[in-house]
>>> print(open('run-v9.pdb').read())   # PDB, C-alpha atoms
MODEL        1
ATOM      1  CA  MET F 100     -15.742  -0.259 -11.874
ATOM      2  CA  ALA F 101     -17.063  -3.648 -12.952
ATOM      3  CA  GLY F 102     -13.669  -4.797 -14.210
ATOM      4  CA  TRP F 103     -11.851  -3.787 -11.029
ATOM      5  CA  SER F 104     -14.523  -5.351  -8.833
ATOM      6  CA  ARG F 105     -14.380  -8.573 -10.848
ATOM      7  CA  VAL F 106     -10.595  -8.875 -10.640
ATOM      8  CA  HIS F 107     -10.495  -8.135  -6.899
ATOM      9  CA  GLU F 108     -13.765  -9.947  -6.134
ATOM     10  CA  HIS F 109     -14.937  -6.940  -4.152
ATOM     11  CA  ASP F 110     -17.678  -4.542  -5.270
ATOM     12  CA  VAL F 111     -16.487  -0.936  -4.836
ATOM     13  CA  SER F 112     -19.417   0.738  -6.588
ATOM     14  CA  GLY F 113     -20.869   1.830  -3.251
ATOM     15  CA  SER F 114     -17.738   3.710  -2.151
ATOM     16  CA  ALA F 115     -17.582   7.272  -3.440
ATOM     17  CA  LEU F 116     -13.890   7.495  -2.500
ATOM     18  CA  ALA F 117     -12.966   4.288  -4.344
ATOM     19  CA  VAL F 118     -15.049   5.216  -7.389
ATOM     20  CA  GLY F 119     -13.470   8.673  -7.537
ATOM     21  CA  TRP F 120      -9.972   7.216  -7.234
ATOM     22  CA  LEU F 121     -10.584   4.657  -9.977
ATOM     23  CA  ARG F 122     -12.034   7.265 -12.311
ATOM     24  CA  ALA F 123      -9.014   9.515 -11.790
ATOM     25  CA  ILE F 124      -6.581   6.628 -12.369
ATOM     26  CA  HIS F 125      -8.333   5.531 -15.567
ATOM     27  CA  LEU F 126      -8.218   9.119 -16.809
ATOM     28  CA  LEU F 127      -4.464   9.208 -16.193
ATOM     29  CA  ALA F 128      -4.113   5.802 -17.870
ATOM     30  CA  ARG F 129      -5.485   6.926 -21.242
ATOM     31  CA  PRO F 130      -2.184   8.312 -22.603
ATOM     32  CA  LEU F 131      -0.312   5.246 -21.301
ATOM     33  CA  LEU F 132      -2.253   2.454 -22.973
ATOM     34  CA  GLY F 133       0.751   1.559 -25.114
ATOM     35  CA  VAL F 134       2.991   1.013 -22.086
ATOM     36  CA  PRO F 135       3.186  -2.610 -20.827
ATOM     37  CA  PRO F 136       1.530  -2.874 -17.388
ATOM     38  CA  ASP F 137       4.615  -4.653 -16.008
ATOM     39  CA  VAL F 138       6.721  -1.578 -16.824
ATOM     40  CA  LEU F 139       4.356   0.586 -14.775
ATOM     41  CA  THR F 140       4.567  -1.947 -11.948
ATOM     42  CA  GLY F 141       8.357  -1.696 -12.027
ATOM     43  CA  CYS F 142       8.171   2.104 -11.981
ATOM     44  CA  GLY F 143       6.183   1.870  -8.756
ATOM     45  CA  VAL F 144       8.910  -0.196  -7.110
ATOM     46  CA  LEU F 145      11.603   2.225  -8.291
ATOM     47  CA  SER F 146       9.704   5.262  -6.998
ATOM     48  CA  ALA F 147       9.270   3.583  -3.584
ATOM     49  CA  ALA F 148      13.005   2.838  -3.426
ATOM     50  CA  ALA F 149      13.718   6.439  -4.419
ATOM     51  CA  ALA F 150      11.508   7.600  -1.536
ATOM     52  CA  VAL F 151      13.762   5.752   0.940
ATOM     53  CA  TRP F 152      16.894   7.381  -0.466
ATOM     54  CA  LEU F 153      15.338  10.851  -0.585
ATOM     55  CA  ALA F 154      13.988  10.553   2.955
ATOM     56  CA  SER F 155      17.473   9.623   4.183
ATOM     57  CA  LEU F 156      18.807  12.926   2.809
ATOM     58  CA  GLY F 157      16.441  15.007   4.928
ATOM     59  CA  GLY F 158      15.837  18.725   4.401
ATOM     60  CA  ASP F 159      14.117  19.763   1.203
ATOM     61  CA  ALA F 160      14.604  16.247  -0.208
ATOM     62  CA  LEU F 161      11.758  15.159   2.084
ATOM     63  CA  TRP F 162       9.299  16.885  -0.239
ATOM     64  CA  LEU F 163      10.694  14.878  -3.128
ATOM     65  CA  ALA F 164      10.316  11.760  -0.983
ATOM     66  CA  LEU F 165       6.659  12.660  -0.490
ATOM     67  CA  ALA F 166       6.244  13.039  -4.255
ATOM     68  CA  ALA F 167       7.887   9.635  -4.773
ATOM     69  CA  ILE F 168       5.507   8.008  -2.278
ATOM     70  CA  VAL F 169       2.496   9.530  -4.016
ATOM     71  CA  ALA F 170       3.899   8.426  -7.385
ATOM     72  CA  THR F 171       4.181   4.879  -6.040
ATOM     73  CA  GLY F 172       0.461   4.867  -5.284
ATOM     74  CA  ILE F 173      -0.360   6.253  -8.714
ATOM     75  CA  PHE F 174       1.769   3.671 -10.513
ATOM     76  CA  ASP F 175       0.093   0.974  -8.429
ATOM     77  CA  GLY F 176      -3.246   2.032  -9.866
ATOM     78  CA  LEU F 177      -2.019   2.701 -13.388
ATOM     79  CA  ASP F 178      -0.686  -0.798 -14.074
ATOM     80  CA  GLY F 179      -4.057  -2.358 -13.285
ATOM     81  CA  ALA F 180      -5.979   0.318 -15.189
ATOM     82  CA  VAL F 181      -3.874  -0.146 -18.323
ATOM     83  CA  ALA F 182      -4.160  -3.939 -18.057
ATOM     84  CA  LEU F 183      -7.956  -3.749 -17.787
ATOM     85  CA  ARG F 184      -8.444  -1.169 -20.545
ATOM     86  CA  THR F 185      -6.219  -3.028 -23.003
ATOM     87  CA  GLY F 186      -7.281  -6.568 -22.127
ATOM     88  CA  ARG F 187      -3.760  -7.441 -20.957
ATOM     89  CA  ALA F 188      -4.724  -8.513 -17.428
ATOM     90  CA  ARG F 189      -3.292 -11.972 -16.770
ATOM     91  CA  PRO F 190      -2.614 -14.215 -13.757
ATOM     92  CA  LEU F 191       1.168 -13.767 -13.951
ATOM     93  CA  GLY F 192       0.722 -10.011 -13.980
ATOM     94  CA  ALA F 193      -1.422 -10.249 -10.855
ATOM     95  CA  VAL F 194       1.331 -12.212  -9.094
ATOM     96  CA  LEU F 195       3.947  -9.672 -10.167
ATOM     97  CA  ASP F 196       1.716  -6.843  -8.973
ATOM     98  CA  ALA F 197       1.222  -8.485  -5.570
ATOM     99  CA  ALA F 198       4.969  -9.046  -5.180
ATOM    100  CA  SER F 199       5.721  -5.442  -6.103
ATOM    101  CA  ASP F 200       3.113  -4.259  -3.600
ATOM    102  CA  ARG F 201       4.939  -6.062  -0.811
ATOM    103  CA  LEU F 202       8.297  -4.635  -1.943
ATOM    104  CA  THR F 203       6.968  -1.077  -2.015
ATOM    105  CA  GLU F 204       5.375  -1.501   1.405
ATOM    106  CA  LEU F 205       8.676  -2.667   2.829
ATOM    107  CA  CYS F 206      10.159   0.476   1.311
ATOM    108  CA  PHE F 207       7.534   2.504   3.194
ATOM    109  CA  VAL F 208       8.715   0.847   6.411
ATOM    110  CA  ALA F 209      12.301   1.663   5.435
ATOM    111  CA  VAL F 210      11.260   5.300   5.054
ATOM    112  CA  LEU F 211      10.146   5.266   8.696
ATOM    113  CA  PHE F 212      13.471   3.678   9.688
ATOM    114  CA  VAL F 213      15.584   6.375   8.033
ATOM    115  CA  LEU F 214      13.364   8.970   9.712
ATOM    116  CA  GLY F 215      14.333   7.687  13.130
ATOM    117  CA  ALA F 216      12.042   4.752  13.885
ATOM    118  CA  PRO F 217      13.680   2.014  16.016
ATOM    119  CA  GLY F 218      14.454  -1.179  14.134
ATOM    120  CA  ALA F 219      12.230  -3.235  16.448
ATOM    121  CA  TRP F 220       9.138  -1.195  15.635
ATOM    122  CA  CYS F 221       9.930  -1.314  11.920
ATOM    123  CA  ALA F 222      10.422  -5.083  12.063
ATOM    124  CA  ALA F 223       7.111  -5.511  13.900
ATOM    125  CA  MET F 224       5.246  -3.367  11.388
ATOM    126  CA  ALA F 225       6.819  -5.174   8.434
ATOM    127  CA  ALA F 226       6.040  -8.612   9.892
ATOM    128  CA  LEU F 227       2.421  -7.671  10.582
ATOM    129  CA  LEU F 228       1.744  -6.244   7.140
ATOM    130  CA  LEU F 229       3.272  -9.317   5.481
ATOM    131  CA  LEU F 230       1.259 -11.611   7.765
ATOM    132  CA  HIS F 231      -1.887  -9.635   6.920
ATOM    133  CA  GLU F 232      -1.432 -10.330   3.210
ATOM    134  CA  TYR F 233      -0.289 -13.921   3.779
ATOM    135  CA  VAL F 234      -3.426 -14.746   5.783
ATOM    136  CA  ARG F 235      -5.610 -13.258   3.054
ATOM    137  CA  ALA F 236      -3.763 -15.089   0.271
ATOM    138  CA  ARG F 237      -3.933 -18.453   2.074
ATOM    139  CA  ALA F 238      -7.607 -17.946   2.826
ATOM    140  CA  GLN F 239      -8.327 -17.190  -0.826
ATOM    141  CA  ALA F 240      -6.368 -20.282  -1.850
ATOM    142  CA  ALA F 241      -8.556 -22.256   0.564
ATOM    143  CA  GLY F 242     -11.711 -20.986  -1.118
ATOM    144  CA  LEU F 243     -12.428 -17.565   0.371
ATOM    145  CA  ARG F 244     -14.263 -15.316  -2.062
ATOM    146  CA  GLY F 245     -13.212 -11.690  -2.009
ATOM    147  CA  ALA F 246     -10.960  -9.906   0.446
ATOM    148  CA  GLY F 247     -12.427 -11.342   3.635
ATOM    149  CA  ALA F 248     -12.570  -7.856   5.155
ATOM    150  CA  ILE F 249     -11.418  -4.382   4.183
ATOM    151  CA  THR F 250      -9.453  -3.351   7.244
ATOM    152  CA  VAL F 251      -7.884  -0.161   8.589
ATOM    153  CA  ALA F 252      -4.464  -1.527   7.639
ATOM    154  CA  GLU F 253      -4.809  -1.947   3.889
ATOM    155  CA  ARG F 254      -2.256  -0.741   1.352
ATOM    156  CA  PRO F 255      -3.555   2.872   1.163
ATOM    157  CA  THR F 256      -3.101   3.198   4.927
ATOM    158  CA  ARG F 257       0.508   2.008   4.690
ATOM    159  CA  LEU F 258       1.185   4.612   2.014
ATOM    160  CA  VAL F 259      -0.489   7.370   4.041
ATOM    161  CA  VAL F 260       1.541   6.516   7.159
ATOM    162  CA  ALA F 261       4.792   6.912   5.191
ATOM    163  CA  ALA F 262       3.525  10.122   3.587
ATOM    164  CA  VAL F 263       2.618  11.572   6.989
ATOM    165  CA  ALA F 264       6.076  10.706   8.310
ATOM    166  CA  VAL F 265       7.974  12.554   5.577
ATOM    167  CA  THR F 266       5.563  15.508   5.635
ATOM    168  CA  GLY F 267       5.865  15.819   9.396
ATOM    169  CA  ALA F 268       9.648  15.557   9.255
ATOM    170  CA  ALA F 269       9.730  18.316   6.637
ATOM    171  CA  LEU F 270       7.417  20.661   8.558
ATOM    172  CA  ALA F 271       8.578  19.911  12.110
ATOM    173  CA  PRO F 272      12.109  18.477  12.080
ATOM    174  CA  GLY F 273      12.242  18.575  15.875
ATOM    175  CA  GLY F 274       9.773  15.709  16.185
ATOM    176  CA  THR F 275       6.087  15.168  16.786
ATOM    177  CA  PRO F 276       4.204  17.523  19.129
ATOM    178  CA  TRP F 277       3.863  16.494  22.805
ATOM    179  CA  THR F 278       6.052  13.393  22.468
ATOM    180  CA  GLY F 279       9.120  14.866  20.785
ATOM    181  CA  TRP F 280       9.618  11.510  19.060
ATOM    182  CA  PRO F 281      11.066  11.427  15.548
ATOM    183  CA  TRP F 282       8.299  11.279  12.974
ATOM    184  CA  GLY F 283       9.510   7.872  11.894
ATOM    185  CA  THR F 284       8.990   6.521  15.410
ATOM    186  CA  THR F 285       5.516   7.996  15.834
ATOM    187  CA  CYS F 286       4.367   6.687  12.462
ATOM    188  CA  ALA F 287       5.931   3.257  13.054
ATOM    189  CA  VAL F 288       4.025   2.963  16.344
ATOM    190  CA  LEU F 289       0.849   4.127  14.598
ATOM    191  CA  GLY F 290       1.373   1.764  11.674
ATOM    192  CA  THR F 291       2.049  -1.181  13.969
ATOM    193  CA  GLY F 292      -1.059  -0.477  16.026
ATOM    194  CA  LEU F 293      -3.226  -0.224  12.923
ATOM    195  CA  SER F 294      -1.677  -3.433  11.607
ATOM    196  CA  VAL F 295      -2.640  -5.317  14.772
ATOM    197  CA  ILE F 296      -6.225  -4.045  14.520
ATOM    198  CA  GLY F 297      -6.350  -4.798  10.804
ATOM    199  CA  LEU F 298      -5.043  -8.331  11.239
ATOM    200  CA  ALA F 299      -7.647  -9.057  13.915
ATOM    201  CA  HIS F 300     -10.392  -7.654  11.674
ATOM    202  CA  LEU F 301      -9.190  -9.697   8.721
ATOM    203  CA  TRP F 302      -9.058 -12.867  10.809
ATOM    204  CA  VAL F 303     -12.704 -12.406  11.829
ATOM    205  CA  GLY F 304     -13.659 -11.923   8.176
ATOM    206  CA  VAL F 305     -11.685 -14.979   7.076
ATOM    207  CA  ALA F 306     -13.191 -17.103   9.858
ATOM    208  CA  ARG F 307     -16.681 -16.068   8.778
ATOM    209  CA  GLY F 308     -15.939 -16.601   5.100
ATOM    210  CA  LEU F 309     -14.477 -20.055   5.590
ATOM    211  CA  GLY F 310     -16.596 -21.095   8.553
ATOM    212  CA  GLY F 311     -18.836 -23.331   6.477
ATOM    213  CA  ARG F 312     -15.976 -25.059   4.658
ATOM    214  CA  GLY F 313     -14.837 -27.273   7.508
TER
ENDMDL
END
>>> encode(input="run-v9.pdb", output="structure tokens")
Amino acid sequence: MAGWSRVHEHDVSGSALAVGWLRAIHLLARPLLGVPPDVLTGCGVLSAAAAVWLASLGGDALWLALAAIVATGIFDGLDGAVALRTGRARPLGAVLDAASDRLTELCFVAVLFVLGAPGAWCAAMAALLLLHEYVRARAQAAGLRGAGAITVAERPTRLVVAAVAVTGAALAPGGTPWTGWPWGTTCAVLGTGLSVIGLAHLWVGVARGLGGRG
């Protein structure tokens, strides 16, 4: 817990969900300590790309797409856990991890696209999630300590939105209840709305964190 909080400059010891997740990931990491963290990072990107392809096939392949999305989240945790446990955490690895996170999130948006979401909604969601992370990164470069704010549009939310889309498409191929929209469309609208709220929340946190710096 201390190592993760130190690297991310955010104390998670008070969150039972975060603590439980980190404990589970570190348990899974034990047999993988000999694997370079960058390899695990690459596996996460490959599993996200596989999710796009599997989602495009439809039918029973949607369940495999769901498994690939979940695997992406697990790999995202495993690379950091292995790096911390083996003392191989390094600045370049953090940059690589951040870049892979953005690639996998764009894959999540692509999953929504192949499940029927209009390109405009997908483009809006992608632009907002990239802007969210850009604002945070620039604020941290300007002296912000920590994340600024933990919003409703963080990486786990983006993964869950994609997972809901493929699960819904597998269970109800005719579309979402009441609207009849494709699951990709419904989840793209949801993801875009959450991204707008999250960006506003982050901006307030950044403004507060940097308010005394001129």
>>> closest_atom_pairs(input="run-v9.pdb", of="segment 146-254 of chain F", to="segment 296-312 of chain F", cutoff="9 Å", atoms="all atoms listed in the file", output="CSV")
residue,atom,partner,partner_atom,distance
F:Leu227,CA,F:Leu298,CA,7.5
F:Leu228,CA,F:Leu298,CA,8.2
F:Leu230,CA,F:Leu298,CA,7.9
F:His231,CA,F:Leu298,CA,5.5
F:Val234,CA,F:Trp302,CA,7.8
F:Arg235,CA,F:Val305,CA,7.5
F:Ala238,CA,F:Val305,CA,6.6
F:Gln239,CA,F:Val305,CA,8.9
F:Ala241,CA,F:Leu309,CA,8.1
F:Gly242,CA,F:Leu309,CA,7.3
F:Leu243,CA,F:Gly308,CA,6.0
F:Arg244,CA,F:Gly308,CA,7.5
F:Ala246,CA,F:Val305,CA,8.4
F:Gly247,CA,F:Gly304,CA,4.7
F:Ala248,CA,F:Gly304,CA,5.2
F:Ile249,CA,F:Leu301,CA,7.3
F:Thr250,CA,F:Gly297,CA,4.9
F:Val251,CA,F:Gly297,CA,5.4
F:Ala252,CA,F:Gly297,CA,4.9
F:Glu253,CA,F:Gly297,CA,7.6
>>> atom_distance(input="run-v9.pdb", atom1="atom CA of Ser146 of chain F", atom2="atom CA of Ala170 of chain F")
6.6 Å
>>> resolve_selection(input="run-v9.pdb", expression="the PyMOL selection byres ((chain F and resi 179-181) around 10)", output="VMD selection string")
chain F and resid 102 to 103 106 121 to 122 124 to 137 139 to 140 174 to 178 182 to 188 192 to 193 196
>>> atom_distance(input="run-v9.pdb", atom1="atom CA of Ala219 of chain F", atom2="atom CA of Ala287 of chain F")
9.7 Å
>>> residues_around(input="run-v9.pdb", residues="Leu161 of chain F", least_positions_apart="4", cutoff="10 Å", atoms="all atoms listed in the file", output="list in words")
Ala150, Val151, Trp152, Leu153, Ala154, Ser155, Leu156, Gly157, Leu165, Ala166, Ala167, Leu214, Ala262, Ala264, Val265, Thr266, Gly267, Ala268, Ala269 and Leu270 of chain F
>>> resolve_selection(input="run-v9.pdb", expression="the PyMOL selection byres ((chain F and resi 255) around 12)", output="CSV table (one decimal) with C-alpha atoms, in the coordinates of the input")
chain,number,residue,atom,x,y,z
F,116,LEU,CA,-13.9,7.5,-2.5
F,117,ALA,CA,-13.0,4.3,-4.3
F,120,TRP,CA,-10.0,7.2,-7.2
F,168,ILE,CA,5.5,8.0,-2.3
F,169,VAL,CA,2.5,9.5,-4.0
F,171,THR,CA,4.2,4.9,-6.0
F,172,GLY,CA,0.5,4.9,-5.3
F,173,ILE,CA,-0.4,6.3,-8.7
F,175,ASP,CA,0.1,1.0,-8.4
F,176,GLY,CA,-3.2,2.0,-9.9
F,200,ASP,CA,3.1,-4.3,-3.6
F,203,THR,CA,7.0,-1.1,-2.0
F,204,GLU,CA,5.4,-1.5,1.4
F,207,PHE,CA,7.5,2.5,3.2
F,249,ILE,CA,-11.4,-4.4,4.2
F,250,THR,CA,-9.5,-3.4,7.2
F,251,VAL,CA,-7.9,-0.2,8.6
F,252,ALA,CA,-4.5,-1.5,7.6
F,253,GLU,CA,-4.8,-1.9,3.9
F,254,ARG,CA,-2.3,-0.7,1.4
F,256,THR,CA,-3.1,3.2,4.9
F,257,ARG,CA,0.5,2.0,4.7
F,258,LEU,CA,1.2,4.6,2.0
F,259,VAL,CA,-0.5,7.4,4.0
F,260,VAL,CA,1.5,6.5,7.2
F,261,ALA,CA,4.8,6.9,5.2
F,262,ALA,CA,3.5,10.1,3.6
F,290,GLY,CA,1.4,1.8,11.7
>>> closest_residue(input="run-v9.pdb", among="F:Cys221, F:Leu145, F:Leu195, F:Leu205", to="Gly283 of chain F", atoms="only C-alpha atoms")
F:Cys221
>>> residues_around(input="run-v9.pdb", residues="Val288 of chain F", least_positions_apart="2", cutoff="10 Å", atoms="all atoms listed in the file", output="NGL selection string")
:F and (216-217 or 220-221 or 223-224 or 282-286 or 290-294)
>>> atom_distance(input="run-v9.pdb", atom1="atom CA of Ala240 of chain F", atom2="atom CA of Val295 of chain F")
22.7 Å
>>> axis_aligned_box(input="run-v9.pdb", around="segment 151-164 of chain F", padding_each_side="5 Å", output="AutoDock Vina command-line options")
--center_x 14.1 --center_y 12.8 --center_z 0.9 --size_x 19.5 --size_y 24.0 --size_z 18.1
>>> closest_residue(input="run-v9.pdb", among="F:Ala123, F:Val263, F:Leu229, F:Leu289", to="Arg201 of chain F", atoms="all atoms listed in the file")
F:Leu229
>>> decode(input="run-v9.pdb", residues="segment 160-172 of chain F", atoms="N, CA and C atoms", output="mmCIF file, in the first residue's frame")
data_model
loop_
_atom_site.group_PDB
_atom_site.id
_atom_site.type_symbol
_atom_site.label_atom_id
_atom_site.label_comp_id
_atom_site.auth_asym_id
_atom_site.auth_seq_id
_atom_site.Cartn_x
_atom_site.Cartn_y
_atom_site.Cartn_z
ATOM 1 N N ALA F 160 -18.239 -14.698 -29.202
ATOM 2 C CA ALA F 160 -16.928 -14.047 -29.079
ATOM 3 C C ALA F 160 -16.991 -12.841 -28.143
ATOM 4 N N LEU F 161 -18.195 -12.333 -27.887
ATOM 5 C CA LEU F 161 -18.331 -11.198 -26.970
ATOM 6 C C LEU F 161 -17.894 -11.574 -25.557
ATOM 7 N N TRP F 162 -18.119 -12.823 -25.179
ATOM 8 C CA TRP F 162 -17.665 -13.252 -23.846
ATOM 9 C C TRP F 162 -16.146 -13.293 -23.776
ATOM 10 N N LEU F 163 -15.521 -13.663 -24.876
ATOM 11 C CA LEU F 163 -14.057 -13.629 -24.922
ATOM 12 C C LEU F 163 -13.558 -12.186 -24.904
ATOM 13 N N ALA F 164 -14.319 -11.289 -25.533
ATOM 14 C CA ALA F 164 -13.963 -9.869 -25.490
ATOM 15 C C ALA F 164 -14.024 -9.358 -24.062
ATOM 16 N N LEU F 165 -15.051 -9.783 -23.320
ATOM 17 C CA LEU F 165 -15.156 -9.398 -21.915
ATOM 18 C C LEU F 165 -13.950 -9.902 -21.128
ATOM 19 N N ALA F 166 -13.557 -11.146 -21.372
ATOM 20 C CA ALA F 166 -12.387 -11.703 -20.685
ATOM 21 C C ALA F 166 -11.127 -10.912 -21.030
ATOM 22 N N ALA F 167 -11.010 -10.485 -22.291
ATOM 23 C CA ALA F 167 -9.838 -9.708 -22.707
ATOM 24 C C ALA F 167 -9.818 -8.343 -22.030
ATOM 25 N N ILE F 168 -10.989 -7.732 -21.862
ATOM 26 C CA ILE F 168 -11.053 -6.435 -21.175
ATOM 27 C C ILE F 168 -10.646 -6.582 -19.717
ATOM 28 N N VAL F 169 -11.152 -7.617 -19.065
ATOM 29 C CA VAL F 169 -10.776 -7.865 -17.670
ATOM 30 C C VAL F 169 -9.279 -8.142 -17.566
ATOM 31 N N ALA F 170 -8.752 -8.929 -18.514
ATOM 32 C CA ALA F 170 -7.315 -9.225 -18.513
ATOM 33 C C ALA F 170 -6.489 -7.952 -18.665
ATOM 34 N N THR F 171 -6.989 -7.012 -19.456
ATOM 35 C CA THR F 171 -6.277 -5.738 -19.623
ATOM 36 C C THR F 171 -6.137 -5.036 -18.284
ATOM 37 N N GLY F 172 -7.217 -5.010 -17.507
ATOM 38 C CA GLY F 172 -7.148 -4.383 -16.184
ATOM 39 C C GLY F 172 -6.191 -5.097 -15.254
#
